[in-house]
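One structure is given below, encoded as structure tokens.
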Amino acid sequence: MSRLPIREIAMSGGCQCGAVRYRAQRFTDNAHLCHCRMCQKAVGNLFAALVGAPKDAVTWTRGRPARFRSSAHVDRGFCRDCGTPLFYDSLDGDRISFTIGSLDRPDLFKPRSHDGIEGRMPWFFELDTIDPGHPTEFESEDWAGAIRASSRQHPDRDTAEWPLGGER
């Protein structure tokens, strides 16, 4: 079993389209950002935000993730249908690290550390100096309304059936 402290919190999560859903009964207290180049490529971003769960605490509740062996020791999991990156699985380890963004409540898993800092962008700590941002509706209410009306994104909660009331 992992030597990291355990958070006794049950949480579900899944991919954007809802084809793959999971639930973990507890998590390791190791939420972190990994900046290594392999994680950057795996999630298509500047870093991967990850938190671990003991493998024996994880249940796949809908579908099964596809896997890509990114090295001799690691599988990366993702949804075969929509491509959402879901996890990092060290094959000889006792935990699986889920992408924090795939959790239904990502706000509960504040990263505590940075890993793989050799790949961190040199301007990472300057991000707070850029334009503070705009809500999604900034483009136009018509555009935002059209997106809401046609969204195929699974809600951030478990559902008995998916898609709800129609085809994906």
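Residues in the structure tokens are named by chain (A, B, ... in the order shown) and by number from 1 within that chain; ligands are numbered from 1 in the order shown.
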Checklist entry - segment 99-104 of chain A: which residues within 9 Å, counting only C-alpha atoms, same-chain residues fewer than 2 positions away excluded, as a list of chain:residue names? => result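 Final neighbour list, sorted by chain and number: A:Met11, A:Ser12, A:Gly13, A:Gly14, A:Cys15, A:Gln16, A:Tyr22, A:Ala31, A:Val43, A:Ala48, A:Ala49, A:Leu50, A:Val51, A:Gly52, A:Thr84, A:Pro85, A:Leu86, A:Phe87, A:Tyr88, A:Ser97, A:Pro106, A:Asp107, A:Phe109, A:Lys110, A:Pro155, A:Asp156, A:Arg157, A:Asp158.
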Next on the checklist: Can you tell me, as a ChimeraX atom specification, which residues in chain A count as strand (DSSP E or B) by DSSP?
Outcome noted: /A:6-7,11-14,21-24,27-28,32-34,48-54,58-62,66-71,74-78,85-90,95-99,103,113-115
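Relative to atom CA of Gln153 of chain A, atom CA of Val20 of chain A is found at 12.2 Å.
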Checklist entry - So what do you get for atom CA of Leu33 of chain A versus atom CA of His114 of chain A, distance-wise? => result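 So the answer is 4.9 Å.
Restricting the calculation to only C-alpha atoms, the smallest distance between Asp89 of chain A and any of A:Met121, A:Ile6, A:Val74, A:Ala146 is found for A:Val74.
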Checklist entry - So which residues of segment 14-154 of chain A fall under alpha helix (DSSP H) by DSSP, listed as a PyMOL selection string? => result chain A and resi 37-43+141-150
Output C-alpha atoms for every residue in that selection, as a JSON list (two decimals), in the first residue's frame.
```
[["chain", "number", "residue", "atom", "x", "y", "z"],
["A", 37, "ARG", "CA", 7.52, 16.53, -21.37],
["A", 38, "MET", "CA", 5.79, 13.13, -21.38],
["A", 39, "CYS", "CA", 2.91, 14.46, -19.23],
["A", 40, "GLN", "CA", 2.70, 17.58, -21.40],
["A", 41, "LYS", "CA", 2.25, 15.44, -24.51],
["A", 42, "ALA", "CA", -0.16, 13.03, -22.77],
["A", 43, "VAL", "CA", -2.60, 15.77, -21.76],
["A", 141, "GLU", "CA", -24.65, 35.38, -25.68],
["A", 142, "ASP", "CA", -25.84, 33.85, -28.97],
["A", 143, "TRP", "CA", -22.65, 31.82, -29.26],
["A", 144, "ALA", "CA", -22.68, 30.77, -25.60],
["A", 145, "GLY", "CA", -26.37, 29.83, -25.84],
["A", 146, "ALA", "CA", -25.75, 27.74, -28.97],
["A", 147, "ILE", "CA", -22.95, 25.88, -27.17],
["A", 148, "ARG", "CA", -25.15, 25.21, -24.12],
["A", 149, "ALA", "CA", -28.04, 24.01, -26.30],
["A", 150, "SER", "CA", -25.89, 21.59, -28.30]]
```
